[in-house]
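Novice: my_file-v7.pdb is reproduced below (PDB, C-alpha atoms).
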```pdb
MODEL        1
ATOM      1  CA  MET D  24      -8.927 -18.717   0.669  1.00  0.00           C
ATOM      2  CA  GLU D  25     -11.365 -19.397   3.480  1.00  0.00           C
ATOM      3  CA  PHE D  26     -11.225 -17.614   6.815  1.00  0.00           C
ATOM      4  CA  PRO D  27     -10.778 -20.084   9.669  1.00  0.00           C
ATOM      5  CA  ASN D  28     -13.109 -18.057  11.877  1.00  0.00           C
ATOM      6  CA  THR D  29     -16.269 -16.078  11.252  1.00  0.00           C
ATOM      7  CA  LEU D  30     -15.575 -12.400  10.601  1.00  0.00           C
ATOM      8  CA  MET D  31     -17.039  -9.886  13.023  1.00  0.00           C
ATOM      9  CA  GLU D  32     -18.808  -6.769  11.781  1.00  0.00           C
ATOM     10  CA  GLY D  33     -18.086  -3.316  13.165  1.00  0.00           C
ATOM     11  CA  ARG D  34     -18.009   0.360  12.283  1.00  0.00           C
ATOM     12  CA  LEU D  35     -14.763   2.165  11.568  1.00  0.00           C
ATOM     13  CA  ILE D  36     -14.020   5.052  13.898  1.00  0.00           C
ATOM     14  CA  LYS D  37     -10.616   5.937  12.477  1.00  0.00           C
ATOM     15  CA  ARG D  38      -7.451   4.506  10.999  1.00  0.00           C
ATOM     16  CA  TYR D  39      -4.235   5.946  12.415  1.00  0.00           C
ATOM     17  CA  LYS D  40      -0.491   5.344  12.630  1.00  0.00           C
ATOM     18  CA  ARG D  41      -0.967   3.378   9.373  1.00  0.00           C
ATOM     19  CA  PHE D  42      -1.305   0.016  11.097  1.00  0.00           C
ATOM     20  CA  LEU D  43      -4.012   0.690  13.683  1.00  0.00           C
ATOM     21  CA  ALA D  44      -7.765   1.187  13.473  1.00  0.00           C
ATOM     22  CA  ASP D  45     -10.372   1.918  16.108  1.00  0.00           C
ATOM     23  CA  VAL D  46     -13.580   0.003  15.461  1.00  0.00           C
ATOM     24  CA  GLU D  47     -16.923   0.150  17.243  1.00  0.00           C
ATOM     25  CA  MET D  48     -18.342  -3.325  17.781  1.00  0.00           C
ATOM     26  CA  PRO D  49     -22.057  -4.254  17.736  1.00  0.00           C
ATOM     27  CA  ASP D  50     -22.244  -4.120  21.532  1.00  0.00           C
ATOM     28  CA  GLY D  51     -20.923  -0.560  21.573  1.00  0.00           C
ATOM     29  CA  SER D  52     -17.433  -1.436  22.749  1.00  0.00           C
ATOM     30  CA  VAL D  53     -14.391  -0.075  20.923  1.00  0.00           C
ATOM     31  CA  VAL D  54     -11.490  -2.309  19.901  1.00  0.00           C
ATOM     32  CA  VAL D  55      -8.133  -1.600  18.275  1.00  0.00           C
ATOM     33  CA  ALA D  56      -7.559  -3.724  15.171  1.00  0.00           C
ATOM     34  CA  HIS D  57      -4.346  -4.351  13.282  1.00  0.00           C
ATOM     35  CA  CYS D  58      -4.437  -2.787   9.799  1.00  0.00           C
ATOM     36  CA  ALA D  59      -2.144  -4.826   7.548  1.00  0.00           C
ATOM     37  CA  ASN D  60      -1.875  -2.153   4.878  1.00  0.00           C
ATOM     38  CA  SER D  61       0.911   0.405   4.532  1.00  0.00           C
ATOM     39  CA  GLY D  62      -0.744   2.330   1.697  1.00  0.00           C
ATOM     40  CA  SER D  63      -2.897   5.428   1.950  1.00  0.00           C
ATOM     41  CA  MET D  64      -6.095   3.335   1.630  1.00  0.00           C
ATOM     42  CA  LEU D  65      -7.615   6.170  -0.349  1.00  0.00           C
ATOM     43  CA  GLY D  66     -11.382   5.726  -0.464  1.00  0.00           C
ATOM     44  CA  CYS D  67     -11.290   2.795   1.975  1.00  0.00           C
ATOM     45  CA  LYS D  68     -10.979   4.429   5.399  1.00  0.00           C
ATOM     46  CA  GLU D  69     -14.022   6.661   5.782  1.00  0.00           C
ATOM     47  CA  PRO D  70     -15.223   6.884   9.403  1.00  0.00           C
ATOM     48  CA  GLY D  71     -18.516   5.100   9.878  1.00  0.00           C
ATOM     49  CA  SER D  72     -17.827   2.516   7.184  1.00  0.00           C
ATOM     50  CA  ARG D  73     -18.872  -1.068   7.803  1.00  0.00           C
ATOM     51  CA  VAL D  74     -15.775  -3.184   8.376  1.00  0.00           C
ATOM     52  CA  LEU D  75     -15.142  -6.888   8.908  1.00  0.00           C
ATOM     53  CA  LEU D  76     -12.580  -8.099  11.427  1.00  0.00           C
ATOM     54  CA  SER D  77     -11.024 -11.508  12.014  1.00  0.00           C
ATOM     55  CA  PRO D  78     -10.089 -12.680  15.511  1.00  0.00           C
ATOM     56  CA  ASN D  79      -6.352 -12.898  16.028  1.00  0.00           C
ATOM     57  CA  THR D  80      -5.665 -16.388  17.349  1.00  0.00           C
ATOM     58  CA  ASN D  81      -1.899 -15.898  17.689  1.00  0.00           C
ATOM     59  CA  PRO D  82      -1.200 -15.870  21.451  1.00  0.00           C
ATOM     60  CA  LYS D  83       1.829 -13.630  20.855  1.00  0.00           C
ATOM     61  CA  ALA D  84      -0.181 -10.993  18.983  1.00  0.00           C
ATOM     62  CA  LYS D  85      -0.525  -7.619  20.679  1.00  0.00           C
ATOM     63  CA  LEU D  86      -4.013  -7.000  19.256  1.00  0.00           C
ATOM     64  CA  ASP D  87      -7.054  -9.269  19.341  1.00  0.00           C
ATOM     65  CA  TRP D  88      -8.427  -8.270  15.937  1.00  0.00           C
ATOM     66  CA  ARG D  89      -7.271  -7.863  12.334  1.00  0.00           C
ATOM     67  CA  TRP D  90      -9.022  -5.616   9.856  1.00  0.00           C
ATOM     68  CA  GLU D  91      -9.894  -7.686   6.776  1.00  0.00           C
ATOM     69  CA  MET D  92     -12.475  -5.811   4.680  1.00  0.00           C
ATOM     70  CA  VAL D  93     -14.373  -2.562   4.355  1.00  0.00           C
ATOM     71  CA  GLU D  94     -17.649  -1.922   2.581  1.00  0.00           C
ATOM     72  CA  VAL D  95     -17.456   0.883   0.017  1.00  0.00           C
ATOM     73  CA  ASP D  96     -20.575   1.845  -1.937  1.00  0.00           C
ATOM     74  CA  GLY D  97     -22.095  -1.540  -1.198  1.00  0.00           C
ATOM     75  CA  ALA D  98     -19.038  -3.564  -2.264  1.00  0.00           C
ATOM     76  CA  LEU D  99     -16.607  -5.401  -0.014  1.00  0.00           C
ATOM     77  CA  VAL D 100     -12.943  -4.415  -0.425  1.00  0.00           C
ATOM     78  CA  GLY D 101     -10.073  -6.534   0.922  1.00  0.00           C
ATOM     79  CA  ILE D 102      -7.559  -4.240   2.586  1.00  0.00           C
ATOM     80  CA  ASN D 103      -5.328  -6.884   4.191  1.00  0.00           C
ATOM     81  CA  THR D 104      -2.149  -6.902   2.098  1.00  0.00           C
ATOM     82  CA  SER D 105      -0.903 -10.119   3.703  1.00  0.00           C
ATOM     83  CA  HIS D 106      -3.406 -12.119   1.615  1.00  0.00           C
ATOM     84  CA  PRO D 107      -2.672 -11.375  -2.096  1.00  0.00           C
ATOM     85  CA  ASN D 108       0.452 -13.548  -2.382  1.00  0.00           C
ATOM     86  CA  ARG D 109      -1.397 -16.499  -0.878  1.00  0.00           C
ATOM     87  CA  LEU D 110      -4.433 -15.853  -3.075  1.00  0.00           C
ATOM     88  CA  VAL D 111      -2.315 -15.800  -6.229  1.00  0.00           C
ATOM     89  CA  GLU D 112      -0.420 -18.904  -5.131  1.00  0.00           C
ATOM     90  CA  GLU D 113      -3.688 -20.773  -4.550  1.00  0.00           C
ATOM     91  CA  ALA D 114      -5.023 -19.639  -7.931  1.00  0.00           C
ATOM     92  CA  ILE D 115      -1.849 -20.793  -9.713  1.00  0.00           C
ATOM     93  CA  ARG D 116      -1.936 -24.178  -8.031  1.00  0.00           C
ATOM     94  CA  ALA D 117      -5.636 -24.548  -8.864  1.00  0.00           C
ATOM     95  CA  GLY D 118      -4.993 -23.699 -12.524  1.00  0.00           C
ATOM     96  CA  ASP D 119      -7.111 -20.547 -12.347  1.00  0.00           C
ATOM     97  CA  ILE D 120      -4.369 -18.238 -13.653  1.00  0.00           C
ATOM     98  CA  THR D 121      -3.792 -19.894 -17.000  1.00  0.00           C
ATOM     99  CA  GLU D 122      -0.886 -17.645 -17.955  1.00  0.00           C
ATOM    100  CA  LEU D 123       1.201 -19.060 -15.090  1.00  0.00           C
ATOM    101  CA  GLN D 124       0.744 -22.778 -15.653  1.00  0.00           C
ATOM    102  CA  GLY D 125       3.321 -25.369 -16.704  1.00  0.00           C
ATOM    103  CA  TYR D 126       5.978 -24.888 -14.013  1.00  0.00           C
ATOM    104  CA  GLU D 127       7.257 -27.657 -11.785  1.00  0.00           C
ATOM    105  CA  THR D 128       7.786 -25.741  -8.542  1.00  0.00           C
ATOM    106  CA  LEU D 129       6.537 -22.605  -6.789  1.00  0.00           C
ATOM    107  CA  ARG D 130       8.431 -20.776  -4.063  1.00  0.00           C
ATOM    108  CA  ARG D 131       7.539 -17.651  -2.119  1.00  0.00           C
ATOM    109  CA  GLU D 132       9.696 -14.723  -0.957  1.00  0.00           C
ATOM    110  CA  VAL D 133      12.886 -15.653  -2.810  1.00  0.00           C
ATOM    111  CA  LYS D 134      15.783 -13.197  -2.742  1.00  0.00           C
ATOM    112  CA  TYR D 135      16.591 -11.488  -6.039  1.00  0.00           C
ATOM    113  CA  GLY D 136      17.612  -8.124  -7.447  1.00  0.00           C
ATOM    114  CA  VAL D 137      19.052  -5.548  -5.049  1.00  0.00           C
ATOM    115  CA  ASN D 138      17.980  -6.408  -1.501  1.00  0.00           C
ATOM    116  CA  SER D 139      14.568  -7.543  -2.722  1.00  0.00           C
ATOM    117  CA  ARG D 140      12.420 -10.657  -2.511  1.00  0.00           C
ATOM    118  CA  ILE D 141      10.194 -11.814  -5.336  1.00  0.00           C
ATOM    119  CA  ASP D 142       6.677 -12.655  -4.200  1.00  0.00           C
ATOM    120  CA  ILE D 143       6.495 -15.885  -6.216  1.00  0.00           C
ATOM    121  CA  LEU D 144       9.210 -17.706  -8.151  1.00  0.00           C
ATOM    122  CA  LEU D 145       8.081 -20.365 -10.609  1.00  0.00           C
ATOM    123  CA  GLU D 146      10.744 -22.829 -11.769  1.00  0.00           C
ATOM    124  CA  GLY D 147      11.115 -25.565 -14.335  1.00  0.00           C
ATOM    125  CA  PRO D 148      11.359 -25.142 -17.189  1.00  0.00           C
ATOM    126  CA  GLY D 149      13.144 -21.830 -16.815  1.00  0.00           C
ATOM    127  CA  LEU D 150      12.479 -19.146 -14.209  1.00  0.00           C
ATOM    128  CA  CYS D 151       9.409 -16.931 -13.914  1.00  0.00           C
ATOM    129  CA  TYR D 152       9.496 -14.013 -11.474  1.00  0.00           C
ATOM    130  CA  VAL D 153       6.018 -12.996 -10.283  1.00  0.00           C
ATOM    131  CA  GLU D 154       5.390  -9.774  -8.367  1.00  0.00           C
ATOM    132  CA  VAL D 155       1.936  -9.273  -6.814  1.00  0.00           C
ATOM    133  CA  LYS D 156       0.315  -5.936  -5.958  1.00  0.00           C
ATOM    134  CA  ASN D 157      -2.872  -5.503  -3.974  1.00  0.00           C
ATOM    135  CA  VAL D 158      -5.361  -3.097  -5.590  1.00  0.00           C
ATOM    136  CA  THR D 159      -8.105  -1.427  -3.550  1.00  0.00           C
ATOM    137  CA  LEU D 160      -8.459   2.012  -5.148  1.00  0.00           C
ATOM    138  CA  LYS D 161     -11.410   2.612  -7.473  1.00  0.00           C
ATOM    139  CA  ILE D 162     -11.926   5.705  -9.628  1.00  0.00           C
ATOM    140  CA  GLY D 163     -15.139   5.646 -11.649  1.00  0.00           C
ATOM    141  CA  ASN D 164     -15.406   2.045 -12.828  1.00  0.00           C
ATOM    142  CA  GLU D 165     -11.629   1.534 -12.917  1.00  0.00           C
ATOM    143  CA  ALA D 166      -9.330  -0.147 -10.431  1.00  0.00           C
ATOM    144  CA  ARG D 167      -6.167   1.910  -9.922  1.00  0.00           C
ATOM    145  CA  PHE D 168      -2.704   1.384  -8.439  1.00  0.00           C
ATOM    146  CA  PRO D 169      -0.950   2.790  -6.507  1.00  0.00           C
ATOM    147  CA  ASP D 170      -2.998   4.754  -3.976  1.00  0.00           C
ATOM    148  CA  ALA D 171       0.124   6.637  -2.843  1.00  0.00           C
ATOM    149  CA  VAL D 172       3.602   7.338  -4.205  1.00  0.00           C
ATOM    150  CA  THR D 173       5.577   4.083  -4.140  1.00  0.00           C
ATOM    151  CA  ALA D 174       9.316   4.239  -4.763  1.00  0.00           C
ATOM    152  CA  ARG D 175       9.455   0.583  -3.703  1.00  0.00           C
ATOM    153  CA  GLY D 176       6.954  -0.374  -6.395  1.00  0.00           C
ATOM    154  CA  THR D 177       8.957   1.495  -9.034  1.00  0.00           C
ATOM    155  CA  LYS D 178      12.083  -0.360  -7.894  1.00  0.00           C
ATOM    156  CA  HIS D 179      10.280  -3.678  -8.304  1.00  0.00           C
ATOM    157  CA  LEU D 180       9.392  -2.849 -11.910  1.00  0.00           C
ATOM    158  CA  ALA D 181      13.030  -2.059 -12.675  1.00  0.00           C
ATOM    159  CA  GLU D 182      14.132  -5.351 -11.136  1.00  0.00           C
ATOM    160  CA  LEU D 183      11.526  -7.320 -13.083  1.00  0.00           C
ATOM    161  CA  SER D 184      12.817  -5.662 -16.251  1.00  0.00           C
ATOM    162  CA  GLN D 185      16.356  -6.699 -15.355  1.00  0.00           C
ATOM    163  CA  MET D 186      15.235 -10.311 -14.949  1.00  0.00           C
ATOM    164  CA  VAL D 187      13.866 -10.194 -18.515  1.00  0.00           C
ATOM    165  CA  ALA D 188      17.173  -8.742 -19.703  1.00  0.00           C
ATOM    166  CA  ASP D 189      18.903 -11.658 -17.975  1.00  0.00           C
ATOM    167  CA  GLY D 190      16.857 -14.102 -20.046  1.00  0.00           C
ATOM    168  CA  HIS D 191      14.067 -14.957 -17.617  1.00  0.00           C
ATOM    169  CA  ARG D 192      10.312 -14.402 -17.604  1.00  0.00           C
ATOM    170  CA  SER D 193       8.828 -11.648 -15.414  1.00  0.00           C
ATOM    171  CA  VAL D 194       5.149 -11.077 -14.613  1.00  0.00           C
ATOM    172  CA  MET D 195       3.490  -8.208 -12.754  1.00  0.00           C
ATOM    173  CA  VAL D 196       0.144  -9.317 -11.252  1.00  0.00           C
ATOM    174  CA  TYR D 197      -2.359  -6.725 -10.058  1.00  0.00           C
ATOM    175  CA  LEU D 198      -4.867  -8.418  -7.766  1.00  0.00           C
ATOM    176  CA  VAL D 199      -8.021  -6.336  -7.419  1.00  0.00           C
ATOM    177  CA  GLN D 200      -9.493  -7.191  -4.022  1.00  0.00           C
ATOM    178  CA  ARG D 201     -12.932  -5.907  -4.896  1.00  0.00           C
ATOM    179  CA  GLY D 202     -15.598  -7.050  -7.326  1.00  0.00           C
ATOM    180  CA  ASP D 203     -17.015  -3.753  -8.569  1.00  0.00           C
ATOM    181  CA  CYS D 204     -14.417  -2.680 -11.152  1.00  0.00           C
ATOM    182  CA  ASP D 205     -14.473  -3.222 -14.926  1.00  0.00           C
ATOM    183  CA  THR D 206     -10.905  -2.338 -15.917  1.00  0.00           C
ATOM    184  CA  PHE D 207      -7.498  -1.532 -14.460  1.00  0.00           C
ATOM    185  CA  ARG D 208      -4.972   1.200 -15.150  1.00  0.00           C
ATOM    186  CA  PRO D 209      -2.072   2.784 -13.226  1.00  0.00           C
ATOM    187  CA  ALA D 210      -2.892   5.831 -11.106  1.00  0.00           C
ATOM    188  CA  ALA D 211      -0.720   8.263 -13.038  1.00  0.00           C
ATOM    189  CA  ASP D 212      -2.244  11.238 -11.250  1.00  0.00           C
ATOM    190  CA  ILE D 213      -1.051   9.878  -7.902  1.00  0.00           C
ATOM    191  CA  ASP D 214       2.379   8.547  -8.932  1.00  0.00           C
ATOM    192  CA  PRO D 215       3.402   9.492 -12.486  1.00  0.00           C
ATOM    193  CA  THR D 216       6.858   8.006 -11.960  1.00  0.00           C
ATOM    194  CA  TYR D 217       5.373   4.587 -11.244  1.00  0.00           C
ATOM    195  CA  ALA D 218       3.009   4.863 -14.212  1.00  0.00           C
ATOM    196  CA  ASP D 219       5.919   5.692 -16.536  1.00  0.00           C
ATOM    197  CA  ALA D 220       7.943   2.833 -15.070  1.00  0.00           C
ATOM    198  CA  LEU D 221       5.088   0.409 -15.804  1.00  0.00           C
ATOM    199  CA  VAL D 222       5.032   1.471 -19.452  1.00  0.00           C
ATOM    200  CA  SER D 223       8.809   1.043 -19.647  1.00  0.00           C
ATOM    201  CA  ALA D 224       8.637  -2.356 -17.958  1.00  0.00           C
ATOM    202  CA  GLN D 225       6.041  -3.598 -20.428  1.00  0.00           C
ATOM    203  CA  LYS D 226       8.194  -2.409 -23.332  1.00  0.00           C
ATOM    204  CA  ALA D 227      11.140  -4.253 -21.750  1.00  0.00           C
ATOM    205  CA  GLY D 228       9.160  -7.502 -21.821  1.00  0.00           C
ATOM    206  CA  VAL D 229       7.557  -7.625 -18.376  1.00  0.00           C
ATOM    207  CA  GLU D 230       4.124  -9.235 -18.710  1.00  0.00           C
ATOM    208  CA  ILE D 231       1.146  -7.624 -17.004  1.00  0.00           C
ATOM    209  CA  LEU D 232      -1.779  -9.558 -15.594  1.00  0.00           C
ATOM    210  CA  CYS D 233      -4.800  -8.230 -13.742  1.00  0.00           C
ATOM    211  CA  TYR D 234      -7.203 -10.484 -11.867  1.00  0.00           C
ATOM    212  CA  SER D 235     -10.305  -9.675  -9.847  1.00  0.00           C
ATOM    213  CA  CYS D 236     -11.564 -11.237  -6.641  1.00  0.00           C
ATOM    214  CA  SER D 237     -14.864 -12.298  -5.158  1.00  0.00           C
ATOM    215  CA  LEU D 238     -15.136 -11.410  -1.466  1.00  0.00           C
ATOM    216  CA  SER D 239     -17.503 -12.551   1.254  1.00  0.00           C
ATOM    217  CA  PRO D 240     -17.402 -12.807   5.058  1.00  0.00           C
ATOM    218  CA  THR D 241     -16.320 -16.425   4.656  1.00  0.00           C
ATOM    219  CA  GLY D 242     -13.413 -15.994   2.250  1.00  0.00           C
ATOM    220  CA  ILE D 243     -11.738 -14.472  -0.809  1.00  0.00           C
ATOM    221  CA  GLU D 244     -11.361 -16.089  -4.214  1.00  0.00           C
ATOM    222  CA  VAL D 245      -9.565 -15.101  -7.421  1.00  0.00           C
ATOM    223  CA  VAL D 246     -12.305 -15.206 -10.047  1.00  0.00           C
ATOM    224  CA  GLY D 247     -10.880 -14.142 -13.390  1.00  0.00           C
ATOM    225  CA  PRO D 248      -8.851 -11.768 -15.569  1.00  0.00           C
ATOM    226  CA  MET D 249      -9.680  -8.077 -15.843  1.00  0.00           C
ATOM    227  CA  PRO D 250      -8.957  -5.900 -18.880  1.00  0.00           C
ATOM    228  CA  TYR D 251      -6.231  -3.315 -18.327  1.00  0.00           C
ATOM    229  CA  SER D 252      -4.431  -0.400 -19.911  1.00  0.00           C
ATOM    230  CA  VAL D 253      -1.019   0.963 -18.970  1.00  0.00           C
ATOM    231  CA  THR D 254      -1.821   4.484 -20.204  1.00  0.00           C
TER     232      THR D 254
ENDMDL
END
```
Go ahead and render the structure in this file as structure tokens.

Specialist:
Amino acid sequence: MEFPNTLMEGRLIKRYKRFLADVEMPDGSVVVAHCANSGSMLGCKEPGSRVLLSPNTNPKAKLDWRWEMVEVDGALVGINTSHPNRLVEEAIRAGDITELQGYETLRREVKYGVNSRIDILLEGPGLCYVEVKNVTLKIGNEARFPDAVTARGTKHLAELSQMVADGHRSVMVYLVQRGDCDTFRPAADIDPTYADALVSAQKAGVEILCYSCSLSPTGIEVVGPMPYSVT
């Protein structure tokens, strides 16, 4: 995924009201940027951090800037949660996620379960339900998810398990939007209920994939699988 416009560097002043961030620009001015991330962003919102913004070209947008990345300990981290589904779709179509090849069609945001939408539905032969989670939290050398309690995420695992019970294939993809992690595991200390649900989902037949990304001011690319553990 390439950014259509050059990203602008700034310094984070604060993130607030979940979806807003004040950023100091190189000329000293302060702008309000849209923060497309509903999580806690633990470890990714320290004041003074170098951030990268994209210009918002939508004439109906209320804000002129979108927060795309933050630099943490010298590594770029993608915090925009509107990108992972597109990144995974591009990687599937390019053949870069080998475990998800061989299907005839790919659709996004298809209704399923109880008032839910699956991120990606692969069809023909059979059905494959693919849920994508954006991972930004790092503890030690490990990528972790979630960074806050997520009842919605736990619900998704239960619905993926039900799809397996109904005779379909279900895959949980953790997309690590940073390139400085060696392994992945659930953040059981933050949300033990989610961690337990992931173990149960795997036992029920839900497949788990973890892929890392390469990030730069020009774009984001899925680069390869990452080892993981569910415990």

Novice: Do you know which residues are at most 12 Å from segment 114-116 of chain D counting only C-alpha atoms, after dropping those on the same chain fewer than 3 positions away, and could you put them as an mmCIF file with C-alpha atoms, in the frame of the given file?

Specialist:
```cif
data_model
loop_
_atom_site.group_PDB
_atom_site.id
_atom_site.type_symbol
_atom_site.label_atom_id
_atom_site.label_comp_id
_atom_site.auth_asym_id
_atom_site.auth_seq_id
_atom_site.Cartn_x
_atom_site.Cartn_y
_atom_site.Cartn_z
ATOM 1 C CA MET D 24 -8.927 -18.717 0.669
ATOM 2 C CA PRO D 107 -2.672 -11.375 -2.096
ATOM 3 C CA ASN D 108 0.452 -13.548 -2.382
ATOM 4 C CA ARG D 109 -1.397 -16.499 -0.878
ATOM 5 C CA LEU D 110 -4.433 -15.853 -3.075
ATOM 6 C CA VAL D 111 -2.315 -15.800 -6.229
ATOM 7 C CA ASP D 119 -7.111 -20.547 -12.347
ATOM 8 C CA ILE D 120 -4.369 -18.238 -13.653
ATOM 9 C CA THR D 121 -3.792 -19.894 -17.000
ATOM 10 C CA GLU D 122 -0.886 -17.645 -17.955
ATOM 11 C CA LEU D 123 1.201 -19.060 -15.090
ATOM 12 C CA GLN D 124 0.744 -22.778 -15.653
ATOM 13 C CA GLY D 125 3.321 -25.369 -16.704
ATOM 14 C CA TYR D 126 5.978 -24.888 -14.013
ATOM 15 C CA GLU D 127 7.257 -27.657 -11.785
ATOM 16 C CA THR D 128 7.786 -25.741 -8.542
ATOM 17 C CA LEU D 129 6.537 -22.605 -6.789
ATOM 18 C CA ARG D 130 8.431 -20.776 -4.063
ATOM 19 C CA ILE D 143 6.495 -15.885 -6.216
ATOM 20 C CA LEU D 144 9.210 -17.706 -8.151
ATOM 21 C CA LEU D 145 8.081 -20.365 -10.609
ATOM 22 C CA VAL D 153 6.018 -12.996 -10.283
ATOM 23 C CA VAL D 196 0.144 -9.317 -11.252
ATOM 24 C CA LEU D 198 -4.867 -8.418 -7.766
ATOM 25 C CA TYR D 234 -7.203 -10.484 -11.867
ATOM 26 C CA SER D 235 -10.305 -9.675 -9.847
ATOM 27 C CA CYS D 236 -11.564 -11.237 -6.641
ATOM 28 C CA ILE D 243 -11.738 -14.472 -0.809
ATOM 29 C CA GLU D 244 -11.361 -16.089 -4.214
ATOM 30 C CA VAL D 245 -9.565 -15.101 -7.421
ATOM 31 C CA VAL D 246 -12.305 -15.206 -10.047
ATOM 32 C CA GLY D 247 -10.880 -14.142 -13.390
ATOM 33 C CA PRO D 248 -8.851 -11.768 -15.569
#
```

Novice: Return the single residue from D:Ala220, D:Ala211, D:Ala117, D:Val158 that is closest to Gly66 of chain D, with distances computed using all atoms listed in the file.

Specialist: D:Val158

Novice: One decimal, in Å: what's the spacing between atom CA of Met195 of chain D and atom CA of Ile231 of chain D?

Specialist: 4.9 Å

Novice: So, counting all atoms listed in the file, which residue among D:Ala59, D:Ile36, D:Leu43, D:Cys233 is closest to Thr104 of chain D?

Specialist: D:Ala59

Novice: What's the 7 Å shell around Ser72 of chain D, counting all atoms listed in the file, without same-chain residues fewer than 6 positions away, as a list in words?

Specialist: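 Result of the neighbour search: Arg34, Leu35, Val93 and Glu94 of chain D.
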
Novice: Quick one: of D:Pro27, D:Gly71, D:Gly242, D:Gly190, who's nearest to Cys151 of chain D, counting all atoms listed in the file?

Specialist: D:Gly190
